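**Q** Provided herewith: run_5.txt, compact mmCIF, N, CA and C atoms and all ligand atoms.
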# COMPACT_ATOMS: atom_id res chain seq x y z
N MET A 1 -73.98 84.83 -22.65
CA MET A 1 -73.56 85.20 -21.29
C MET A 1 -72.03 85.11 -21.14
N ARG A 2 -71.48 84.05 -21.71
CA ARG A 2 -70.03 83.88 -21.57
C ARG A 2 -69.32 84.94 -22.41
N LYS A 3 -68.30 85.53 -21.80
CA LYS A 3 -67.55 86.55 -22.53
C LYS A 3 -66.77 85.90 -23.66
N PRO A 4 -66.58 86.61 -24.74
CA PRO A 4 -65.82 86.02 -25.84
C PRO A 4 -64.38 85.69 -25.43
N TRP A 5 -63.90 84.64 -26.02
CA TRP A 5 -62.56 84.13 -25.71
C TRP A 5 -61.50 85.23 -25.80
N GLY A 6 -61.63 86.05 -26.83
CA GLY A 6 -60.62 87.10 -27.06
C GLY A 6 -60.51 88.13 -25.94
N SER A 7 -61.65 88.32 -25.22
CA SER A 7 -61.62 89.38 -24.20
C SER A 7 -61.08 88.89 -22.85
N LEU A 8 -60.89 87.57 -22.76
CA LEU A 8 -60.42 87.03 -21.48
C LEU A 8 -58.92 87.25 -21.32
N ASP A 9 -58.53 87.69 -20.13
CA ASP A 9 -57.11 87.93 -19.84
C ASP A 9 -56.42 86.59 -19.55
N LYS A 10 -55.90 85.96 -20.61
CA LYS A 10 -55.30 84.63 -20.47
C LYS A 10 -54.05 84.63 -19.58
N ASP A 11 -53.30 85.70 -19.65
CA ASP A 11 -52.09 85.76 -18.82
C ASP A 11 -52.44 85.72 -17.33
N ARG A 12 -53.53 86.41 -17.01
CA ARG A 12 -53.99 86.43 -15.61
C ARG A 12 -54.48 85.05 -15.19
N VAL A 13 -55.21 84.37 -16.08
CA VAL A 13 -55.67 83.01 -15.79
C VAL A 13 -54.45 82.13 -15.51
N ARG A 14 -53.47 82.22 -16.41
CA ARG A 14 -52.27 81.39 -16.28
C ARG A 14 -51.55 81.69 -14.97
N GLN A 15 -51.49 82.97 -14.64
CA GLN A 15 -50.78 83.39 -13.43
C GLN A 15 -51.48 82.84 -12.17
N LEU A 16 -52.79 83.03 -12.11
CA LEU A 16 -53.55 82.56 -10.94
C LEU A 16 -53.53 81.03 -10.87
N HIS A 17 -53.62 80.40 -12.03
CA HIS A 17 -53.56 78.94 -12.08
C HIS A 17 -52.22 78.43 -11.55
N SER A 18 -51.15 79.12 -11.90
CA SER A 18 -49.81 78.68 -11.46
C SER A 18 -49.65 78.85 -9.95
N GLN A 19 -50.51 79.70 -9.36
CA GLN A 19 -50.48 79.86 -7.89
C GLN A 19 -51.30 78.78 -7.19
N GLY A 20 -51.90 77.91 -7.99
CA GLY A 20 -52.65 76.79 -7.42
C GLY A 20 -54.13 77.07 -7.20
N LEU A 21 -54.62 78.17 -7.73
CA LEU A 21 -56.04 78.48 -7.54
C LEU A 21 -56.93 77.53 -8.36
N THR A 22 -58.07 77.22 -7.81
CA THR A 22 -59.04 76.38 -8.53
C THR A 22 -59.80 77.25 -9.53
N ASP A 23 -60.55 76.59 -10.40
CA ASP A 23 -61.35 77.32 -11.40
C ASP A 23 -62.26 78.34 -10.72
N ASN A 24 -62.94 77.90 -9.67
CA ASN A 24 -63.86 78.80 -8.96
C ASN A 24 -63.14 79.99 -8.35
N GLN A 25 -61.96 79.72 -7.80
CA GLN A 25 -61.21 80.80 -7.17
C GLN A 25 -60.70 81.79 -8.22
N ILE A 26 -60.26 81.26 -9.36
CA ILE A 26 -59.81 82.14 -10.44
C ILE A 26 -60.99 83.00 -10.92
N ALA A 27 -62.13 82.32 -11.07
CA ALA A 27 -63.33 83.02 -11.54
C ALA A 27 -63.70 84.16 -10.60
N ALA A 28 -63.67 83.86 -9.30
CA ALA A 28 -64.03 84.87 -8.30
C ALA A 28 -63.03 86.02 -8.34
N GLU A 29 -61.77 85.65 -8.46
CA GLU A 29 -60.69 86.65 -8.48
C GLU A 29 -60.83 87.60 -9.68
N MET A 30 -61.25 87.04 -10.81
CA MET A 30 -61.28 87.82 -12.04
C MET A 30 -62.66 88.35 -12.40
N GLY A 31 -63.67 87.97 -11.59
CA GLY A 31 -65.03 88.38 -11.90
C GLY A 31 -65.57 87.72 -13.16
N GLU A 32 -65.12 86.49 -13.40
CA GLU A 32 -65.61 85.72 -14.56
C GLU A 32 -66.49 84.58 -14.04
N SER A 33 -67.18 83.91 -14.97
CA SER A 33 -67.98 82.77 -14.53
C SER A 33 -67.07 81.54 -14.40
N PRO A 34 -67.35 80.68 -13.41
CA PRO A 34 -66.54 79.47 -13.24
C PRO A 34 -66.51 78.61 -14.50
N ARG A 35 -67.66 78.55 -15.20
CA ARG A 35 -67.70 77.76 -16.43
C ARG A 35 -66.79 78.33 -17.50
N GLY A 36 -66.79 79.65 -17.58
CA GLY A 36 -65.93 80.32 -18.56
C GLY A 36 -64.46 80.04 -18.28
N ILE A 37 -64.10 80.10 -16.99
CA ILE A 37 -62.71 79.85 -16.60
C ILE A 37 -62.34 78.39 -16.86
N ARG A 38 -63.29 77.51 -16.57
CA ARG A 38 -63.03 76.09 -16.78
C ARG A 38 -62.74 75.82 -18.26
N SER A 39 -63.58 76.36 -19.12
CA SER A 39 -63.35 76.06 -20.53
C SER A 39 -62.09 76.76 -21.05
N ALA A 40 -61.81 77.94 -20.51
CA ALA A 40 -60.57 78.63 -20.91
C ALA A 40 -59.36 77.81 -20.47
N ARG A 41 -59.42 77.30 -19.26
CA ARG A 41 -58.30 76.52 -18.74
C ARG A 41 -58.07 75.28 -19.61
N ILE A 42 -59.16 74.62 -19.97
CA ILE A 42 -59.04 73.42 -20.81
C ILE A 42 -58.43 73.81 -22.16
N ARG A 43 -58.92 74.91 -22.70
CA ARG A 43 -58.41 75.39 -23.98
C ARG A 43 -56.94 75.74 -23.89
N MET A 44 -56.51 76.18 -22.73
CA MET A 44 -55.11 76.54 -22.53
C MET A 44 -54.27 75.33 -22.11
N LYS A 45 -54.93 74.17 -22.07
CA LYS A 45 -54.26 72.91 -21.75
C LYS A 45 -53.59 72.93 -20.37
N LEU A 46 -54.30 73.52 -19.41
CA LEU A 46 -53.81 73.52 -18.03
C LEU A 46 -54.61 72.49 -17.24
N ILE A 47 -53.94 71.73 -16.39
CA ILE A 47 -54.66 70.73 -15.60
C ILE A 47 -55.42 71.41 -14.46
N ARG A 48 -56.48 70.77 -14.04
CA ARG A 48 -57.31 71.34 -12.98
C ARG A 48 -56.55 71.39 -11.65
N ASN A 49 -56.61 72.51 -11.00
CA ASN A 49 -56.07 72.60 -9.64
C ASN A 49 -57.15 72.15 -8.67
N ASN A 50 -56.78 71.25 -7.78
CA ASN A 50 -57.73 70.82 -6.76
C ASN A 50 -57.67 71.74 -5.55
N LEU A 51 -58.66 71.59 -4.71
CA LEU A 51 -58.69 72.37 -3.48
C LEU A 51 -57.64 71.84 -2.52
N LYS A 52 -57.07 72.75 -1.77
CA LYS A 52 -56.06 72.36 -0.78
C LYS A 52 -56.73 72.31 0.59
N PHE A 53 -56.45 71.23 1.31
CA PHE A 53 -57.04 71.08 2.63
C PHE A 53 -55.95 70.79 3.65
N THR A 54 -56.22 71.12 4.88
CA THR A 54 -55.34 70.70 5.97
C THR A 54 -56.12 69.73 6.84
N CYS A 55 -55.54 68.55 6.98
CA CYS A 55 -56.19 67.50 7.77
C CYS A 55 -56.02 67.79 9.26
N VAL A 56 -56.83 67.14 10.08
CA VAL A 56 -56.69 67.30 11.54
C VAL A 56 -55.29 66.89 12.02
N CYS A 57 -54.63 65.99 11.25
CA CYS A 57 -53.29 65.55 11.64
C CYS A 57 -52.23 66.57 11.26
N GLY A 58 -52.62 67.61 10.52
CA GLY A 58 -51.69 68.66 10.15
C GLY A 58 -51.16 68.55 8.73
N LYS A 59 -51.37 67.40 8.08
CA LYS A 59 -50.90 67.23 6.70
C LYS A 59 -51.81 67.99 5.75
N THR A 60 -51.22 68.53 4.68
CA THR A 60 -52.04 69.14 3.65
C THR A 60 -52.24 68.14 2.52
N PHE A 61 -53.37 68.24 1.90
CA PHE A 61 -53.67 67.34 0.78
C PHE A 61 -54.61 68.05 -0.17
N ASP A 62 -54.69 67.59 -1.43
CA ASP A 62 -55.69 68.17 -2.31
C ASP A 62 -56.80 67.20 -2.61
N SER A 63 -57.94 67.78 -2.91
CA SER A 63 -59.09 66.98 -3.27
C SER A 63 -60.01 67.86 -4.09
N CYS A 64 -60.75 67.21 -4.99
CA CYS A 64 -61.74 67.99 -5.74
C CYS A 64 -63.06 68.01 -4.96
N ASN A 65 -63.13 67.25 -3.86
CA ASN A 65 -64.32 67.21 -3.02
C ASN A 65 -64.30 68.38 -2.03
N ILE A 66 -65.26 69.24 -2.15
CA ILE A 66 -65.29 70.46 -1.34
C ILE A 66 -65.47 70.14 0.15
N ARG A 67 -66.03 68.95 0.44
CA ARG A 67 -66.23 68.56 1.84
C ARG A 67 -65.11 67.68 2.39
N ALA A 68 -64.02 67.57 1.66
CA ALA A 68 -62.92 66.70 2.13
C ALA A 68 -62.45 67.15 3.51
N LYS A 69 -62.20 66.19 4.37
CA LYS A 69 -61.83 66.51 5.74
C LYS A 69 -60.52 65.86 6.15
N TYR A 70 -60.32 64.63 5.68
CA TYR A 70 -59.17 63.87 6.16
C TYR A 70 -58.23 63.49 5.03
N CYS A 71 -56.94 63.50 5.31
CA CYS A 71 -55.94 63.12 4.32
C CYS A 71 -56.04 61.61 4.07
N PRO A 72 -55.48 61.13 2.95
CA PRO A 72 -55.58 59.70 2.64
C PRO A 72 -55.02 58.80 3.75
N ASP A 73 -53.96 59.25 4.42
CA ASP A 73 -53.38 58.44 5.50
C ASP A 73 -54.37 58.27 6.65
N CYS A 74 -55.01 59.36 7.03
CA CYS A 74 -55.98 59.29 8.13
C CYS A 74 -57.17 58.42 7.72
N LYS A 75 -57.59 58.58 6.46
CA LYS A 75 -58.70 57.75 5.98
C LYS A 75 -58.36 56.28 6.13
N ASP A 76 -57.11 55.93 5.80
CA ASP A 76 -56.69 54.54 5.93
C ASP A 76 -56.75 54.09 7.38
N SER A 77 -56.29 54.95 8.29
CA SER A 77 -56.30 54.50 9.69
C SER A 77 -57.72 54.46 10.24
N PHE A 78 -58.59 55.33 9.73
CA PHE A 78 -59.99 55.25 10.17
C PHE A 78 -60.59 53.93 9.73
N ARG A 79 -60.23 53.55 8.50
CA ARG A 79 -60.72 52.28 7.98
C ARG A 79 -60.24 51.13 8.88
N ALA A 80 -58.99 51.22 9.30
CA ALA A 80 -58.42 50.19 10.17
C ALA A 80 -59.19 50.13 11.49
N ILE A 81 -59.47 51.32 12.04
CA ILE A 81 -60.22 51.37 13.31
C ILE A 81 -61.61 50.76 13.12
N TYR A 82 -62.20 51.10 11.98
CA TYR A 82 -63.53 50.56 11.69
C TYR A 82 -63.52 49.03 11.73
N TRP A 83 -62.53 48.45 11.04
CA TRP A 83 -62.46 46.99 11.00
C TRP A 83 -62.16 46.41 12.37
N GLN A 84 -61.34 47.13 13.11
CA GLN A 84 -61.02 46.69 14.47
C GLN A 84 -62.29 46.67 15.32
N ARG A 85 -63.10 47.73 15.16
CA ARG A 85 -64.37 47.78 15.88
C ARG A 85 -65.30 46.66 15.46
N ARG A 86 -65.33 46.42 14.15
CA ARG A 86 -66.16 45.34 13.66
C ARG A 86 -65.75 44.05 14.34
N TYR A 87 -64.43 43.91 14.48
CA TYR A 87 -63.91 42.70 15.09
C TYR A 87 -64.39 42.60 16.53
N THR A 88 -64.26 43.71 17.25
CA THR A 88 -64.73 43.76 18.63
C THR A 88 -66.21 43.39 18.70
N TRP A 89 -66.93 43.96 17.75
CA TRP A 89 -68.36 43.74 17.70
C TRP A 89 -68.69 42.26 17.50
N ASP A 90 -67.97 41.65 16.55
CA ASP A 90 -68.18 40.22 16.30
C ASP A 90 -67.90 39.40 17.55
N SER A 91 -66.85 39.76 18.29
CA SER A 91 -66.55 39.03 19.52
C SER A 91 -67.67 39.20 20.52
N LEU A 92 -68.20 40.42 20.58
CA LEU A 92 -69.31 40.68 21.50
C LEU A 92 -70.54 39.86 21.13
N ARG A 93 -70.80 39.77 19.85
CA ARG A 93 -71.92 38.95 19.39
C ARG A 93 -71.76 37.51 19.86
N GLU A 94 -70.56 37.01 19.72
CA GLU A 94 -70.26 35.65 20.15
C GLU A 94 -70.48 35.51 21.65
N LEU A 95 -69.98 36.50 22.37
CA LEU A 95 -70.14 36.49 23.83
C LEU A 95 -71.63 36.53 24.20
N ALA A 96 -72.38 37.36 23.47
CA ALA A 96 -73.81 37.50 23.77
C ALA A 96 -74.56 36.18 23.61
N LYS A 97 -74.10 35.37 22.67
CA LYS A 97 -74.76 34.08 22.46
C LYS A 97 -74.62 33.17 23.68
N VAL A 98 -73.43 33.20 24.28
CA VAL A 98 -73.21 32.32 25.42
C VAL A 98 -73.49 32.98 26.75
N ASN A 99 -73.31 34.31 26.81
CA ASN A 99 -73.50 35.00 28.08
C ASN A 99 -73.97 36.44 27.85
N PRO A 100 -75.26 36.60 27.53
CA PRO A 100 -75.79 37.94 27.22
C PRO A 100 -75.56 38.94 28.35
N GLN A 101 -75.67 38.47 29.59
CA GLN A 101 -75.48 39.36 30.73
C GLN A 101 -74.08 39.97 30.72
N ARG A 102 -73.09 39.09 30.50
CA ARG A 102 -71.71 39.56 30.47
C ARG A 102 -71.49 40.50 29.28
N ALA A 103 -72.11 40.18 28.16
CA ALA A 103 -71.98 41.03 26.97
C ALA A 103 -72.51 42.43 27.25
N ARG A 104 -73.64 42.49 27.95
CA ARG A 104 -74.20 43.79 28.32
C ARG A 104 -73.26 44.57 29.22
N GLU A 105 -72.66 43.86 30.16
CA GLU A 105 -71.70 44.52 31.06
C GLU A 105 -70.53 45.09 30.27
N VAL A 106 -70.05 44.29 29.31
CA VAL A 106 -68.93 44.76 28.49
C VAL A 106 -69.33 46.02 27.73
N ILE A 107 -70.55 46.02 27.20
CA ILE A 107 -71.01 47.20 26.47
C ILE A 107 -71.07 48.41 27.40
N GLU A 108 -71.57 48.19 28.61
CA GLU A 108 -71.63 49.30 29.57
C GLU A 108 -70.23 49.84 29.86
N GLU A 109 -69.28 48.91 29.98
CA GLU A 109 -67.90 49.34 30.22
C GLU A 109 -67.39 50.16 29.05
N MET A 110 -67.68 49.68 27.83
CA MET A 110 -67.25 50.41 26.63
C MET A 110 -67.86 51.80 26.60
N LYS A 111 -69.13 51.89 26.96
CA LYS A 111 -69.81 53.19 26.98
C LYS A 111 -69.13 54.15 27.95
N ARG A 112 -68.79 53.61 29.13
CA ARG A 112 -68.15 54.47 30.13
C ARG A 112 -66.76 54.90 29.68
N GLU A 113 -66.02 53.95 29.13
CA GLU A 113 -64.64 54.24 28.74
C GLU A 113 -64.55 55.20 27.57
N ASP A 114 -65.44 55.03 26.62
CA ASP A 114 -65.29 55.77 25.38
C ASP A 114 -66.67 56.12 24.81
N PRO A 115 -67.36 57.05 25.49
CA PRO A 115 -68.74 57.36 25.07
C PRO A 115 -68.81 57.85 23.63
N GLU A 116 -67.77 58.58 23.21
CA GLU A 116 -67.80 59.17 21.88
C GLU A 116 -67.80 58.09 20.80
N THR A 117 -66.93 57.14 20.96
CA THR A 117 -66.85 56.04 20.00
C THR A 117 -68.15 55.26 20.01
N PHE A 118 -68.67 55.08 21.18
CA PHE A 118 -69.88 54.29 21.29
C PHE A 118 -71.06 54.96 20.60
N GLN A 119 -71.04 56.28 20.65
CA GLN A 119 -72.09 57.06 19.99
C GLN A 119 -72.17 56.70 18.50
N GLY A 120 -70.98 56.60 17.89
CA GLY A 120 -70.91 56.25 16.49
C GLY A 120 -71.41 54.84 16.20
N MET A 121 -71.47 54.03 17.23
CA MET A 121 -71.90 52.64 17.07
C MET A 121 -73.34 52.47 17.54
N GLY A 122 -74.02 53.59 17.73
CA GLY A 122 -75.35 53.58 18.31
C GLY A 122 -76.31 52.58 17.71
N ASP A 123 -76.44 52.63 16.38
CA ASP A 123 -77.39 51.74 15.72
C ASP A 123 -77.00 50.28 15.89
N LEU A 124 -75.72 50.04 15.76
CA LEU A 124 -75.22 48.68 15.94
C LEU A 124 -75.57 48.16 17.33
N SER A 125 -75.45 49.05 18.31
CA SER A 125 -75.69 48.61 19.68
C SER A 125 -77.14 48.19 19.86
N LYS A 126 -78.03 48.90 19.18
CA LYS A 126 -79.44 48.56 19.25
C LYS A 126 -79.68 47.15 18.70
N ILE A 127 -79.14 46.95 17.52
CA ILE A 127 -79.27 45.63 16.88
C ILE A 127 -78.73 44.56 17.81
N PHE A 128 -77.59 44.87 18.37
CA PHE A 128 -76.93 43.89 19.22
C PHE A 128 -77.78 43.58 20.45
N ILE A 129 -78.26 44.63 21.08
CA ILE A 129 -79.03 44.43 22.31
C ILE A 129 -80.32 43.67 22.02
N ASN A 130 -80.98 44.06 20.92
CA ASN A 130 -82.19 43.33 20.53
C ASN A 130 -81.90 41.86 20.30
N GLU A 131 -80.80 41.65 19.59
CA GLU A 131 -80.42 40.27 19.29
C GLU A 131 -80.16 39.48 20.56
N SER A 132 -79.43 40.12 21.49
CA SER A 132 -79.06 39.37 22.68
C SER A 132 -80.27 39.16 23.58
N LEU A 133 -81.24 40.08 23.50
CA LEU A 133 -82.46 39.91 24.29
C LEU A 133 -83.32 38.78 23.73
N SER A 134 -83.38 38.75 22.39
CA SER A 134 -84.22 37.73 21.78
C SER A 134 -83.54 36.36 21.75
N ALA A 135 -82.22 36.38 21.94
CA ALA A 135 -81.48 35.12 21.87
C ALA A 135 -81.80 34.22 23.08
ZN ZN A 201 -54.47 63.26 8.25
What does the file become when written as structure tokens?

**A**
Amino acid sequence: MRKPWGSLDKDRVRQLHSQGLTDNQIAAEMGESPRGIRSARIRMKLIRNNLKFTCVCGKTFDSCNIRAKYCPDCKDSFRAIYWQRRYTWDSLRELAKVNPQRAREVIEEMKREDPETFQGMGDLSKIFINESLSA
């Protein structure tokens, strides 16, 4: 199935590769199989071009993950937010132990203030509410 090495237009591969195209993009452009292009590229000692993405923050970044969405900087800040939320959550747990009613009120306030964030914490909220009810 793979076309013989000799028949492949290496100059074209090199040219498209230098423009930053990925193996799949080169393959599509040239009507070759992605596997054929990949092995040709390796044989030509060219490094793999990753996909280029634009993050919601506007920065461009590359990734070999086709579903990449966020640049490394945003990923770091998301991680920070996650830990911050965990921290909030831990405080709420503590509050629930001494004053479940107040903890529920705080959760209601959080829901009103930031429904979207709270949605992401849905499962946690269930655990928390069950815990505070059984406590
Ligand atoms: Zn970003």

**Q** Could you pull out the residues sitting within 8 Å of ligand ZN 201 (chain A), using only N, CA and C atoms and all ligand atoms, and write them as a list in words?

**A** Thr54, Cys55, Val56, Cys57, Gly58, Lys59, Thr60, Lys69, Tyr70, Cys71, Pro72, Asp73, Cys74 and Lys75 of chain A

**Q** I need the strand (DSSP E) residues of range 4-131 of chain A per DSSP on the backbone, written as a list in words.

**A** Leu51, Lys52, Phe53, Thr54, Thr60, Phe61, Asp62 and Ser63 of chain A

**Q** With distances taken over only C-alpha atoms, which residue among A:Lys97, A:Arg86, A:Arg102, A:Arg48 lies nearest His17 in chain A?

**A**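 Among A:Lys97, A:Arg86, A:Arg102, A:Arg48, it is A:Arg48 that comes nearest to His17 in chain A.
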
**Q** From the set A:Ser7, A:Gln84, A:Asn65, A:Gln101, which residue has the shortest atom-to-atom contact distance to Ala40 in chain A, counting only C-alpha atoms?

**A**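 When distances to Ala40 in chain A are compared using only C-alpha atoms, the smallest one comes from A:Ser7.
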
**Q** Enter the distance from atom N of Ser63 in chain A to atom C of Leu21 in chain A, in Å, rounded to one decimal.

**A** 11.2 Å

**Q** Got a sec: who's within 5 Å of range 49-51 of chain A, counting all atoms listed in the file, leaving out chain neighbours fewer than 4 positions off, as a tab-separated table (two decimals) with N, CA and C atoms, in the frame of the given file?

**A**
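Saved to result.tsv:
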chain	number	residue	atom	x	y	z
A	22	THR	N	-58.07	77.22	-7.81
A	22	THR	CA	-59.04	76.38	-8.53
A	22	THR	C	-59.80	77.25	-9.53
A	62	ASP	N	-54.69	67.59	-1.43
A	62	ASP	CA	-55.69	68.17	-2.31
A	62	ASP	C	-56.80	67.20	-2.61
A	63	SER	N	-57.94	67.78	-2.91
A	63	SER	CA	-59.09	66.98	-3.27
A	63	SER	C	-60.01	67.86	-4.09
A	64	CYS	N	-60.75	67.21	-4.99
A	64	CYS	CA	-61.74	67.99	-5.74
A	64	CYS	C	-63.06	68.01	-4.96

**Q** To one decimal place in Å, what is the distance between CA of Ile37 in chain A and atom C of Asp23 in chain A?

**A** 6.1 Å

**Q** At what distance in Å, to one decimal, does CA of Leu92 in chain A lie from atom C of Arg104 in chain A?

**A**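 Here the two named atoms are 9.5 Å from each other.
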
**Q** If DSSP is run on the backbone, what residues of chain A are alpha helix (DSSP H)? A reply as a ChimeraX atom specification would be ideal.

**A** /A:10-18,23-30,34-43,72-98,100-113,115-120,122-134
